[in-house]
file input_35.pdb (PDB, C-alpha atoms)
MODEL        1
ATOM      1  CA  MET K   1     224.626 121.174  47.183
ATOM      2  CA  LEU K   2     224.956 123.941  49.813
ATOM      3  CA  PRO K   3     221.523 125.515  49.193
ATOM      4  CA  LYS K   4     219.925 122.093  49.742
ATOM      5  CA  ALA K   5     221.883 121.599  52.967
ATOM      6  CA  GLY K   6     220.982 125.133  54.065
ATOM      7  CA  SER K   7     217.285 124.564  53.462
ATOM      8  CA  LEU K   8     217.494 121.266  55.339
ATOM      9  CA  VAL K   9     219.066 122.969  58.362
ATOM     10  CA  ALA K  10     216.576 125.854  58.127
ATOM     11  CA  SER K  11     213.676 123.388  58.268
ATOM     12  CA  VAL K  12     214.819 121.986  61.624
ATOM     13  CA  PRO K  13     212.868 123.590  64.511
ATOM     14  CA  HIS K  14     214.891 125.929  66.729
ATOM     15  CA  PRO K  15     214.325 123.869  69.914
ATOM     16  CA  VAL K  16     215.769 120.813  68.143
ATOM     17  CA  LEU K  17     218.824 122.803  67.053
ATOM     18  CA  GLY K  18     219.205 124.150  70.586
ATOM     19  CA  GLY K  19     218.976 120.656  72.032
ATOM     20  CA  ALA K  20     221.555 119.415  69.549
ATOM     21  CA  ALA K  21     223.879 122.286  70.450
ATOM     22  CA  ILE K  22     223.541 121.506  74.158
ATOM     23  CA  SER K  23     224.231 117.820  73.468
ATOM     24  CA  VAL K  24     227.312 118.647  71.419
ATOM     25  CA  PHE K  25     228.550 120.985  74.150
ATOM     26  CA  GLY K  26     228.000 118.266  76.737
ATOM     27  CA  ILE K  27     229.986 115.787  74.672
ATOM     28  CA  VAL K  28     232.787 118.312  74.187
ATOM     29  CA  ALA K  29     232.799 119.014  77.922
ATOM     30  CA  ALA K  30     232.906 115.287  78.720
ATOM     31  CA  VAL K  31     235.792 114.766  76.316
ATOM     32  CA  GLY K  32     237.561 117.744  77.881
ATOM     33  CA  ILE K  33     237.163 116.243  81.332
ATOM     34  CA  GLN K  34     238.499 112.928  80.017
ATOM     35  CA  ILE K  35     241.494 114.717  78.496
ATOM     36  CA  LEU K  36     242.184 116.213  81.898
ATOM     37  CA  GLY K  37     242.452 112.702  83.305
ATOM     38  CA  LYS K  38     244.879 111.678  80.566
ATOM     39  CA  ALA K  39     246.960 114.793  81.134
ATOM     40  CA  ASP K  40     247.313 113.684  84.769
ATOM     41  CA  LEU K  41     245.646 116.832  86.038
ATOM     42  CA  ARG K  42     243.842 114.826  88.659
ATOM     43  CA  GLU K  43     246.894 115.182  90.863
ATOM     44  CA  GLU K  44     247.012 118.951  90.274
ATOM     45  CA  ARG K  45     243.355 119.224  91.216
ATOM     46  CA  ASN K  46     243.961 116.874  94.161
ATOM     47  CA  MET K  47     240.690 115.114  93.504
ATOM     48  CA  ASP K  48     239.887 111.559  94.489
ATOM     49  CA  PRO K  49     239.867 109.436  91.282
ATOM     50  CA  SER K  50     236.440 107.966  92.087
ATOM     51  CA  GLU K  51     234.971 111.489  92.479
ATOM     52  CA  ASP K  52     236.564 112.505  89.195
ATOM     53  CA  ARG K  53     235.133 109.465  87.364
ATOM     54  CA  ALA K  54     231.704 110.156  88.881
ATOM     55  CA  ALA K  55     231.834 113.764  87.605
ATOM     56  CA  GLU K  56     232.835 112.512  84.150
ATOM     57  CA  SER K  57     230.033 109.950  83.926
ATOM     58  CA  ALA K  58     227.403 112.353  85.307
ATOM     59  CA  ARG K  59     228.707 115.147  83.067
ATOM     60  CA  ARG K  60     228.331 117.419  86.053
ATOM     61  CA  TRP K  61     231.259 119.108  87.760
ATOM     62  CA  ASN K  62     231.150 119.380  91.533
ATOM     63  CA  GLY K  63     234.757 120.010  92.522
ATOM     64  CA  ASP K  64     235.713 122.535  95.172
ATOM     65  CA  ALA K  65     236.918 126.057  94.328
ATOM     66  CA  ARG K  66     240.578 125.062  93.894
ATOM     67  CA  GLN K  67     239.705 122.052  91.728
ATOM     68  CA  THR K  68     237.318 124.152  89.669
ATOM     69  CA  ARG K  69     240.002 126.765  89.115
ATOM     70  CA  ALA K  70     242.400 124.057  87.868
ATOM     71  CA  LEU K  71     239.713 122.768  85.486
ATOM     72  CA  VAL K  72     238.972 126.267  84.173
ATOM     73  CA  GLU K  73     242.649 127.043  83.606
ATOM     74  CA  ALA K  74     243.339 123.687  81.945
ATOM     75  CA  LEU K  75     240.409 123.967  79.522
ATOM     76  CA  GLY K  76     240.336 127.764  79.137
ATOM     77  CA  LEU K  77     236.658 127.907  80.068
ATOM     78  CA  SER K  78     234.531 131.045  80.141
ATOM     79  CA  LEU K  79     232.104 131.682  82.989
ATOM     80  CA  ARG K  80     229.184 130.713  80.752
ATOM     81  CA  GLU K  81     230.872 127.413  79.828
ATOM     82  CA  LEU K  82     231.678 126.672  83.461
ATOM     83  CA  ILE K  83     228.027 127.160  84.468
ATOM     84  CA  ALA K  84     227.066 124.619  81.774
ATOM     85  CA  ILE K  85     229.690 122.095  82.896
ATOM     86  CA  MET K  86     228.541 122.485  86.473
ATOM     87  CA  GLY K  87     225.060 121.457  85.312
ATOM     88  CA  ARG K  88     223.397 124.654  86.475
ATOM     89  CA  VAL K  89     221.873 125.856  83.185
ATOM     90  CA  GLU K  90     218.405 124.462  83.917
ATOM     91  CA  GLU K  91     218.507 125.930  87.424
ATOM     92  CA  LEU K  92     219.450 129.280  85.891
ATOM     93  CA  ALA K  93     216.652 128.963  83.310
ATOM     94  CA  GLU K  94     214.087 128.286  86.044
ATOM     95  CA  GLN K  95     215.212 131.322  88.060
ATOM     96  CA  LEU K  96     215.091 133.496  84.920
ATOM     97  CA  ARG K  97     211.581 132.273  84.004
ATOM     98  CA  SER K  98     210.385 133.102  87.513
ATOM     99  CA  ALA K  99     212.089 136.507  87.407
ATOM    100  CA  VAL K 100     210.589 137.626  84.111
ATOM    101  CA  ALA K 101     207.105 136.411  85.006
ATOM    102  CA  GLY K 102     207.063 137.741  88.569
ATOM    103  CA  ARG K 103     208.926 140.083  90.857
ATOM    104  CA  TRP K 104     212.334 140.254  89.197
ATOM    105  CA  LYS K 105     214.084 141.930  92.170
ATOM    106  CA  THR K 106     213.500 138.822  94.299
ATOM    107  CA  TYR K 107     215.643 136.786  91.895
ATOM    108  CA  VAL K 108     218.708 139.048  91.655
ATOM    109  CA  ASP K 109     220.635 137.370  94.481
ATOM    110  CA  PRO K 110     219.753 133.748  93.550
ATOM    111  CA  VAL K 111     220.739 134.354  89.901
ATOM    112  CA  ALA K 112     223.916 136.214  90.930
ATOM    113  CA  GLU K 113     224.823 133.237  93.149
ATOM    114  CA  ILE K 114     224.454 130.814  90.216
ATOM    115  CA  VAL K 115     226.367 132.859  87.651
ATOM    116  CA  VAL K 116     228.849 134.568  90.009
ATOM    117  CA  VAL K 117     228.274 137.942  88.364
ATOM    118  CA  ASP K 118     227.910 141.287  90.142
ATOM    119  CA  ALA K 119     224.345 141.671  91.459
ATOM    120  CA  THR K 120     224.017 145.105  89.839
ATOM    121  CA  ASN K 121     224.666 143.616  86.383
ATOM    122  CA  VAL K 122     222.289 140.751  87.092
ATOM    123  CA  GLY K 123     219.634 143.231  88.252
ATOM    124  CA  ASP K 124     220.028 145.318  85.095
ATOM    125  CA  ALA K 125     219.612 142.212  82.934
ATOM    126  CA  LEU K 126     216.581 140.965  84.889
ATOM    127  CA  ARG K 127     214.898 144.386  84.785
ATOM    128  CA  THR K 128     215.332 144.512  81.001
ATOM    129  CA  MET K 129     214.070 140.962  80.532
ATOM    130  CA  HIS K 130     211.092 141.545  82.828
ATOM    131  CA  ALA K 131     210.078 144.618  80.814
ATOM    132  CA  GLU K 132     210.454 142.721  77.523
ATOM    133  CA  PHE K 133     208.363 139.846  78.828
ATOM    134  CA  ALA K 134     205.690 142.211  80.183
ATOM    135  CA  GLY K 135     205.391 143.582  76.651
ATOM    136  CA  PHE K 136     204.035 140.205  75.476
ATOM    137  CA  SER K 137     201.290 140.277  78.104
ATOM    138  CA  GLU K 138     200.370 143.865  77.286
ATOM    139  CA  ARG K 139     200.134 143.120  73.561
ATOM    140  CA  TYR K 140     198.158 139.943  74.206
ATOM    141  CA  MET K 141     195.669 141.686  76.492
ATOM    142  CA  GLY K 142     195.365 144.596  74.063
ATOM    143  CA  HIS K 143     194.413 142.259  71.229
ATOM    144  CA  LEU K 144     192.130 140.263  73.506
ATOM    145  CA  VAL K 145     190.227 143.385  74.623
ATOM    146  CA  ALA K 146     190.043 144.622  71.032
ATOM    147  CA  ARG K 147     188.649 141.189  70.112
ATOM    148  CA  ASN K 148     191.167 140.700  67.363
ATOM    149  CA  ASP K 149     191.337 137.427  65.537
ATOM    150  CA  ASP K 150     192.773 134.317  67.116
ATOM    151  CA  ALA K 151     195.640 134.220  64.628
ATOM    152  CA  ARG K 152     197.208 137.377  66.096
ATOM    153  CA  LEU K 153     196.771 136.066  69.648
ATOM    154  CA  GLN K 154     198.429 132.781  68.638
ATOM    155  CA  GLU K 155     201.272 134.728  67.015
ATOM    156  CA  ILE K 156     201.916 136.682  70.217
ATOM    157  CA  ALA K 157     201.758 133.475  72.275
ATOM    158  CA  ALA K 158     204.294 131.856  69.916
ATOM    159  CA  GLU K 159     206.616 134.877  70.240
ATOM    160  CA  ARG K 160     206.328 134.643  74.021
ATOM    161  CA  ALA K 161     207.151 130.916  73.981
ATOM    162  CA  ALA K 162     210.159 131.541  71.721
ATOM    163  CA  TYR K 163     211.377 134.256  74.090
ATOM    164  CA  LEU K 164     211.177 131.842  77.028
ATOM    165  CA  ARG K 165     213.097 129.159  75.098
ATOM    166  CA  ARG K 166     216.037 131.499  74.494
ATOM    167  CA  LEU K 167     215.945 133.085  77.950
ATOM    168  CA  VAL K 168     219.354 131.834  79.133
ATOM    169  CA  HIS K 169     221.050 132.850  75.883
ATOM    170  CA  HIS K 170     219.428 136.293  76.062
ATOM    171  CA  PHE K 171     220.527 136.664  79.688
ATOM    172  CA  TRP K 172     224.173 136.007  78.769
ATOM    173  CA  LYS K 173     223.887 138.442  75.885
ATOM    174  CA  LEU K 174     222.691 141.144  78.295
ATOM    175  CA  ILE K 175     225.446 140.275  80.790
ATOM    176  CA  GLY K 176     227.942 140.796  77.974
ATOM    177  CA  LYS K 177     231.670 140.263  78.256
ATOM    178  CA  GLU K 178     231.485 138.988  81.845
ATOM    179  CA  GLY K 179     229.869 135.789  80.601
ATOM    180  CA  HIS K 180     232.595 135.211  78.037
ATOM    181  CA  ALA K 181     235.488 135.991  80.378
ATOM    182  CA  PRO K 182     237.261 133.387  82.501
ATOM    183  CA  PRO K 183     235.544 133.079  85.879
ATOM    184  CA  PHE K 184     238.831 133.501  87.756
ATOM    185  CA  PRO K 185     241.535 136.156  87.333
ATOM    186  CA  ALA K 186     244.563 134.888  85.410
ATOM    187  CA  THR K 187     247.384 133.589  87.537
ATOM    188  CA  GLY K 188     251.011 134.066  86.674
ATOM    189  CA  ARG K 189     252.274 130.493  86.879
TER     190      ARG K 189
ENDMDL
END
call {"tool": "encode", "arguments": {"input": "input_35.pdb", "output": "structure tokens"}}
result
Amino acid sequence: MLPKAGSLVASVPHPVLGGAAISVFGIVAAVGIQILGKADLREERNMDPSEDRAAESARRWNGDARQTRALVEALGLSLRELIAIMGRVEELAEQLRSAVAGRWKTYVDPVAEIVVVDATNVGDALRTMHAEFAGFSERYMGHLVARNDDARLQEIAAERAAYLRRLVHHFWKLIGKEGHAPPFPATGR
């Protein structure tokens, strides 16, 4: 039974699995926000109930710094999870796509502002990603000039597209433990 299930899962395209994972995370985040309401944390966050309901239904967090800190502490969120709950993953992905395809140094500050990570660490990650992405163009042009077959060019283009699809995940991997740590220092309540 398990080999059949494994082959079924393996046949699902990676973008579909990624979309499903994002959907599941969104549902988990929404349930977490609902649990906060039931735990009467609205008072602790000092948030207007209508604003809180709007954040729940939009599945996008827009509380102030103190409210966000209360949410993070209540749910035990990592920085990466908080960025997702705040609905900034697509914004991050767009900045990363622009950085790897263009002048990466221009995007250090905007990306650091989104992820709240030290600009030096963001710069190191962007430099690495830019170099990796440039490798696709170099290989593509090399095969184009050598007039290699279209199959190899299509393979390189597919690798490039796959790289772009996993850009945000790769960024967090390069950032390392900072992305998995809580975004605020622990408080001794």
call {"tool": "residues_near_point", "arguments": {"input": "input_35.pdb", "point": "(232.8, 133.3, 73.7)", "cutoff": "12 Å", "atoms": "all atoms listed in the file", "output": "PyMOL selection string"}}
result
chain K and resi 76-82+169+172-173+176-182
call {"tool": "closest_residue", "arguments": {"input": "input_35.pdb", "among": "K:Ile83, K:Val31, K:Val24, K:Val100", "to": "Tyr163 of chain K", "atoms": "all atoms listed in the file"}}
result
K:Val100
call {"tool": "closest_residue", "arguments": {"input": "input_35.pdb", "among": "K:Glu90, K:Gly102, K:Gln154, K:Ser137", "to": "Arg166 of chain K", "atoms": "all atoms listed in the file"}}
result
K:Glu90
call {"tool": "residues_around", "arguments": {"input": "input_35.pdb", "residues": "Ala112 of chain K", "least_positions_apart": "4", "cutoff": "10 Å", "atoms": "only C-alpha atoms", "output": "count of residues only"}}
result
11
call {"tool": "resolve_selection", "arguments": {"input": "input_35.pdb", "expression": "the PyMOL selection byres ((chain K and resi 135) around 12)", "output": "list of chain:residue names"}}
result
K:Val100, K:Ala101, K:Thr128, K:Met129, K:His130, K:Ala131, K:Glu132, K:Phe133, K:Ala134, K:Phe136, K:Ser137, K:Glu138, K:Arg139, K:Tyr140, K:Met141, K:Gly142, K:Ile156, K:Ala157, K:Glu159, K:Arg160, K:Tyr163
call {"tool": "write_last_selection", "arguments": {"input": "input_35.pdb", "atoms": "C-alpha atoms", "output": "short mmCIF file (atom, residue, chain, number, x, y, z; two decimals), in the frame of the given file"}}
result
data_model
loop_
_atom_site.label_atom_id
_atom_site.label_comp_id
_atom_site.auth_asym_id
_atom_site.auth_seq_id
_atom_site.Cartn_x
_atom_site.Cartn_y
_atom_site.Cartn_z
CA VAL K 100 210.59 137.63 84.11
CA ALA K 101 207.10 136.41 85.01
CA THR K 128 215.33 144.51 81.00
CA MET K 129 214.07 140.96 80.53
CA HIS K 130 211.09 141.54 82.83
CA ALA K 131 210.08 144.62 80.81
CA GLU K 132 210.45 142.72 77.52
CA PHE K 133 208.36 139.85 78.83
CA ALA K 134 205.69 142.21 80.18
CA PHE K 136 204.04 140.21 75.48
CA SER K 137 201.29 140.28 78.10
CA GLU K 138 200.37 143.86 77.29
CA ARG K 139 200.13 143.12 73.56
CA TYR K 140 198.16 139.94 74.21
CA MET K 141 195.67 141.69 76.49
CA GLY K 142 195.36 144.60 74.06
CA ILE K 156 201.92 136.68 70.22
CA ALA K 157 201.76 133.48 72.28
CA GLU K 159 206.62 134.88 70.24
CA ARG K 160 206.33 134.64 74.02
CA TYR K 163 211.38 134.26 74.09
#
call {"tool": "resolve_selection", "arguments": {"input": "input_35.pdb", "expression": "the PyMOL selection byres ((chain K and resi 95) around 10)", "output": "ChimeraX atom specification"}}
result
/K:89-94,96-100,104,106-108,110-111,114,168
call {"tool": "write_last_selection", "arguments": {"input": "input_35.pdb", "atoms": "C-alpha atoms", "output": "mmCIF file, in the coordinates of the input"}}
result
data_model
loop_
_atom_site.group_PDB
_atom_site.id
_atom_site.type_symbol
_atom_site.label_atom_id
_atom_site.label_comp_id
_atom_site.auth_asym_id
_atom_site.auth_seq_id
_atom_site.Cartn_x
_atom_site.Cartn_y
_atom_site.Cartn_z
ATOM 1 C CA VAL K 89 221.873 125.856 83.185
ATOM 2 C CA GLU K 90 218.405 124.462 83.917
ATOM 3 C CA GLU K 91 218.507 125.930 87.424
ATOM 4 C CA LEU K 92 219.450 129.280 85.891
ATOM 5 C CA ALA K 93 216.652 128.963 83.310
ATOM 6 C CA GLU K 94 214.087 128.286 86.044
ATOM 7 C CA LEU K 96 215.091 133.496 84.920
ATOM 8 C CA ARG K 97 211.581 132.273 84.004
ATOM 9 C CA SER K 98 210.385 133.102 87.513
ATOM 10 C CA ALA K 99 212.089 136.507 87.407
ATOM 11 C CA VAL K 100 210.589 137.626 84.111
ATOM 12 C CA TRP K 104 212.334 140.254 89.197
ATOM 13 C CA THR K 106 213.500 138.822 94.299
ATOM 14 C CA TYR K 107 215.643 136.786 91.895
ATOM 15 C CA VAL K 108 218.708 139.048 91.655
ATOM 16 C CA PRO K 110 219.753 133.748 93.550
ATOM 17 C CA VAL K 111 220.739 134.354 89.901
ATOM 18 C CA ILE K 114 224.454 130.814 90.216
ATOM 19 C CA VAL K 168 219.354 131.834 79.133
#
call {"tool": "atom_distance", "arguments": {"input": "input_35.pdb", "atom1": "atom CA of His14 of chain K", "atom2": "atom CA of Arg127 of chain K"}}
result
25.8 Å
call {"tool": "atom_distance", "arguments": {"input": "input_35.pdb", "atom1": "atom CA of Gly32 of chain K", "atom2": "atom CA of Leu75 of chain K"}}
result
7.0 Å
call {"tool": "atom_distance", "arguments": {"input": "input_35.pdb", "atom1": "atom CA of Phe25 of chain K", "atom2": "atom CA of Leu71 of chain K"}}
result
16.0 Å
call {"tool": "decode", "arguments": {"input": "input_35.pdb", "residues": "segment 77-120 of chain K", "atoms": "N, CA and C atoms", "output": "PDB file, in the first residue's frame"}}
result
ATOM      1  N   LEU K  77       5.759  31.365  17.023  1.00  0.00           N
ATOM      2  CA  LEU K  77       6.095  31.476  15.608  1.00  0.00           C
ATOM      3  C   LEU K  77       7.577  31.778  15.385  1.00  0.00           C
ATOM      4  N   SER K  78       8.115  31.254  14.298  1.00  0.00           N
ATOM      5  CA  SER K  78       9.454  31.629  13.856  1.00  0.00           C
ATOM      6  C   SER K  78       9.319  32.863  12.966  1.00  0.00           C
ATOM      7  N   LEU K  79      10.433  33.491  12.659  1.00  0.00           N
ATOM      8  CA  LEU K  79      10.428  34.653  11.780  1.00  0.00           C
ATOM      9  C   LEU K  79       9.827  34.287  10.424  1.00  0.00           C
ATOM     10  N   ARG K  80      10.237  33.158   9.887  1.00  0.00           N
ATOM     11  CA  ARG K  80       9.744  32.712   8.582  1.00  0.00           C
ATOM     12  C   ARG K  80       8.223  32.531   8.608  1.00  0.00           C
ATOM     13  N   GLU K  81       7.699  31.958   9.676  1.00  0.00           N
ATOM     14  CA  GLU K  81       6.253  31.755   9.804  1.00  0.00           C
ATOM     15  C   GLU K  81       5.524  33.091   9.941  1.00  0.00           C
ATOM     16  N   LEU K  82       6.128  34.015  10.674  1.00  0.00           N
ATOM     17  CA  LEU K  82       5.512  35.327  10.846  1.00  0.00           C
ATOM     18  C   LEU K  82       5.409  36.060   9.510  1.00  0.00           C
ATOM     19  N   ILE K  83       6.451  35.982   8.695  1.00  0.00           N
ATOM     20  CA  ILE K  83       6.433  36.630   7.377  1.00  0.00           C
ATOM     21  C   ILE K  83       5.282  36.064   6.549  1.00  0.00           C
ATOM     22  N   ALA K  84       5.052  34.745   6.644  1.00  0.00           N
ATOM     23  CA  ALA K  84       3.955  34.115   5.903  1.00  0.00           C
ATOM     24  C   ALA K  84       2.605  34.599   6.421  1.00  0.00           C
ATOM     25  N   ILE K  85       2.447  34.646   7.737  1.00  0.00           N
ATOM     26  CA  ILE K  85       1.177  35.089   8.321  1.00  0.00           C
ATOM     27  C   ILE K  85       0.906  36.549   7.978  1.00  0.00           C
ATOM     28  N   MET K  86       1.941  37.328   7.887  1.00  0.00           N
ATOM     29  CA  MET K  86       1.778  38.738   7.548  1.00  0.00           C
ATOM     30  C   MET K  86       1.465  38.927   6.064  1.00  0.00           C
ATOM     31  N   GLY K  87       1.471  37.836   5.296  1.00  0.00           N
ATOM     32  CA  GLY K  87       1.124  37.917   3.885  1.00  0.00           C
ATOM     33  C   GLY K  87       2.188  38.563   3.027  1.00  0.00           C
ATOM     34  N   ARG K  88       3.448  38.424   3.428  1.00  0.00           N
ATOM     35  CA  ARG K  88       4.515  39.113   2.697  1.00  0.00           C
ATOM     36  C   ARG K  88       5.395  38.170   1.884  1.00  0.00           C
ATOM     37  N   VAL K  89       4.981  36.895   1.750  1.00  0.00           N
ATOM     38  CA  VAL K  89       5.804  35.929   1.027  1.00  0.00           C
ATOM     39  C   VAL K  89       5.907  36.286  -0.452  1.00  0.00           C
ATOM     40  N   GLU K  90       4.786  36.666  -1.063  1.00  0.00           N
ATOM     41  CA  GLU K  90       4.829  37.004  -2.494  1.00  0.00           C
ATOM     42  C   GLU K  90       5.649  38.268  -2.728  1.00  0.00           C
ATOM     43  N   GLU K  91       5.542  39.224  -1.819  1.00  0.00           N
ATOM     44  CA  GLU K  91       6.358  40.439  -1.916  1.00  0.00           C
ATOM     45  C   GLU K  91       7.844  40.085  -1.819  1.00  0.00           C
ATOM     46  N   LEU K  92       8.165  39.180  -0.892  1.00  0.00           N
ATOM     47  CA  LEU K  92       9.543  38.719  -0.750  1.00  0.00           C
ATOM     48  C   LEU K  92       9.998  38.010  -2.019  1.00  0.00           C
ATOM     49  N   ALA K  93       9.139  37.141  -2.558  1.00  0.00           N
ATOM     50  CA  ALA K  93       9.484  36.402  -3.787  1.00  0.00           C
ATOM     51  C   ALA K  93       9.767  37.358  -4.939  1.00  0.00           C
ATOM     52  N   GLU K  94       8.963  38.396  -5.075  1.00  0.00           N
ATOM     53  CA  GLU K  94       9.167  39.369  -6.155  1.00  0.00           C
ATOM     54  C   GLU K  94      10.504  40.096  -5.996  1.00  0.00           C
ATOM     55  N   GLN K  95      10.822  40.507  -4.770  1.00  0.00           N
ATOM     56  CA  GLN K  95      12.102  41.177  -4.523  1.00  0.00           C
ATOM     57  C   GLN K  95      13.269  40.232  -4.829  1.00  0.00           C
ATOM     58  N   LEU K  96      13.131  38.960  -4.436  1.00  0.00           N
ATOM     59  CA  LEU K  96      14.201  37.989  -4.685  1.00  0.00           C
ATOM     60  C   LEU K  96      14.376  37.738  -6.177  1.00  0.00           C
ATOM     61  N   ARG K  97      13.268  37.616  -6.917  1.00  0.00           N
ATOM     62  CA  ARG K  97      13.363  37.422  -8.377  1.00  0.00           C
ATOM     63  C   ARG K  97      14.098  38.593  -9.021  1.00  0.00           C
ATOM     64  N   SER K  98      13.739  39.804  -8.601  1.00  0.00           N
ATOM     65  CA  SER K  98      14.404  40.991  -9.154  1.00  0.00           C
ATOM     66  C   SER K  98      15.885  41.018  -8.786  1.00  0.00           C
ATOM     67  N   ALA K  99      16.193  40.607  -7.567  1.00  0.00           N
ATOM     68  CA  ALA K  99      17.591  40.625  -7.100  1.00  0.00           C
ATOM     69  C   ALA K  99      18.455  39.635  -7.863  1.00  0.00           C
ATOM     70  N   VAL K 100      17.957  38.434  -8.087  1.00  0.00           N
ATOM     71  CA  VAL K 100      18.794  37.436  -8.756  1.00  0.00           C
ATOM     72  C   VAL K 100      18.939  37.735 -10.243  1.00  0.00           C
ATOM     73  N   ALA K 101      17.949  38.397 -10.827  1.00  0.00           N
ATOM     74  CA  ALA K 101      18.003  38.669 -12.259  1.00  0.00           C
ATOM     75  C   ALA K 101      18.679  40.004 -12.580  1.00  0.00           C
ATOM     76  N   GLY K 102      18.855  40.850 -11.571  1.00  0.00           N
ATOM     77  CA  GLY K 102      19.412  42.176 -11.833  1.00  0.00           C
ATOM     78  C   GLY K 102      20.561  42.513 -10.907  1.00  0.00           C
ATOM     79  N   ARG K 103      20.523  43.715 -10.411  1.00  0.00           N
ATOM     80  CA  ARG K 103      21.581  44.215  -9.525  1.00  0.00           C
ATOM     81  C   ARG K 103      21.196  43.881  -8.086  1.00  0.00           C
ATOM     82  N   TRP K 104      21.743  42.788  -7.577  1.00  0.00           N
ATOM     83  CA  TRP K 104      21.326  42.262  -6.282  1.00  0.00           C
ATOM     84  C   TRP K 104      21.536  43.244  -5.129  1.00  0.00           C
ATOM     85  N   LYS K 105      22.569  44.086  -5.207  1.00  0.00           N
ATOM     86  CA  LYS K 105      22.862  45.014  -4.097  1.00  0.00           C
ATOM     87  C   LYS K 105      21.720  46.008  -3.872  1.00  0.00           C
ATOM     88  N   THR K 106      21.012  46.357  -4.922  1.00  0.00           N
ATOM     89  CA  THR K 106      19.892  47.288  -4.828  1.00  0.00           C
ATOM     90  C   THR K 106      18.775  46.736  -3.949  1.00  0.00           C
ATOM     91  N   TYR K 107      18.692  45.421  -3.849  1.00  0.00           N
ATOM     92  CA  TYR K 107      17.570  44.776  -3.148  1.00  0.00           C
ATOM     93  C   TYR K 107      17.889  44.356  -1.722  1.00  0.00           C
ATOM     94  N   VAL K 108      19.099  44.601  -1.251  1.00  0.00           N
ATOM     95  CA  VAL K 108      19.464  44.196   0.114  1.00  0.00           C
ATOM     96  C   VAL K 108      18.557  44.866   1.142  1.00  0.00           C
ATOM     97  N   ASP K 109      18.453  46.188   1.082  1.00  0.00           N
ATOM     98  CA  ASP K 109      17.645  46.900   2.090  1.00  0.00           C
ATOM     99  C   ASP K 109      16.157  46.558   1.993  1.00  0.00           C
ATOM    100  N   PRO K 110      15.550  46.531   0.787  1.00  0.00           N
ATOM    101  CA  PRO K 110      14.126  46.169   0.732  1.00  0.00           C
ATOM    102  C   PRO K 110      13.848  44.753   1.261  1.00  0.00           C
ATOM    103  N   VAL K 111      14.729  43.795   0.947  1.00  0.00           N
ATOM    104  CA  VAL K 111      14.531  42.431   1.448  1.00  0.00           C
ATOM    105  C   VAL K 111      14.755  42.396   2.956  1.00  0.00           C
ATOM    106  N   ALA K 112      15.781  43.088   3.449  1.00  0.00           N
ATOM    107  CA  ALA K 112      16.043  43.119   4.891  1.00  0.00           C
ATOM    108  C   ALA K 112      14.870  43.745   5.638  1.00  0.00           C
ATOM    109  N   GLU K 113      14.199  44.724   5.032  1.00  0.00           N
ATOM    110  CA  GLU K 113      13.035  45.348   5.658  1.00  0.00           C
ATOM    111  C   GLU K 113      11.875  44.347   5.755  1.00  0.00           C
ATOM    112  N   ILE K 114      11.694  43.528   4.745  1.00  0.00           N
ATOM    113  CA  ILE K 114      10.602  42.541   4.761  1.00  0.00           C
ATOM    114  C   ILE K 114      10.870  41.466   5.804  1.00  0.00           C
ATOM    115  N   VAL K 115      12.073  40.916   5.801  1.00  0.00           N
ATOM    116  CA  VAL K 115      12.356  39.753   6.651  1.00  0.00           C
ATOM    117  C   VAL K 115      12.937  40.109   8.015  1.00  0.00           C
ATOM    118  N   VAL K 116      13.278  41.363   8.225  1.00  0.00           N
ATOM    119  CA  VAL K 116      13.828  41.829   9.508  1.00  0.00           C
ATOM    120  C   VAL K 116      15.051  40.995   9.897  1.00  0.00           C
ATOM    121  N   VAL K 117      15.950  40.840   8.958  1.00  0.00           N
ATOM    122  CA  VAL K 117      17.206  40.128   9.165  1.00  0.00           C
ATOM    123  C   VAL K 117      18.328  41.111   8.855  1.00  0.00           C
ATOM    124  N   ASP K 118      19.451  40.953   9.534  1.00  0.00           N
ATOM    125  CA  ASP K 118      20.611  41.818   9.335  1.00  0.00           C
ATOM    126  C   ASP K 118      20.941  41.937   7.843  1.00  0.00           C
ATOM    127  N   ALA K 119      21.163  43.166   7.384  1.00  0.00           N
ATOM    128  CA  ALA K 119      21.427  43.426   5.966  1.00  0.00           C
ATOM    129  C   ALA K 119      22.655  42.686   5.456  1.00  0.00           C
ATOM    130  N   THR K 120      23.645  42.467   6.302  1.00  0.00           N
ATOM    131  CA  THR K 120      24.837  41.727   5.876  1.00  0.00           C
ATOM    132  C   THR K 120      24.470  40.291   5.513  1.00  0.00           C
TER     133      THR K 120
END
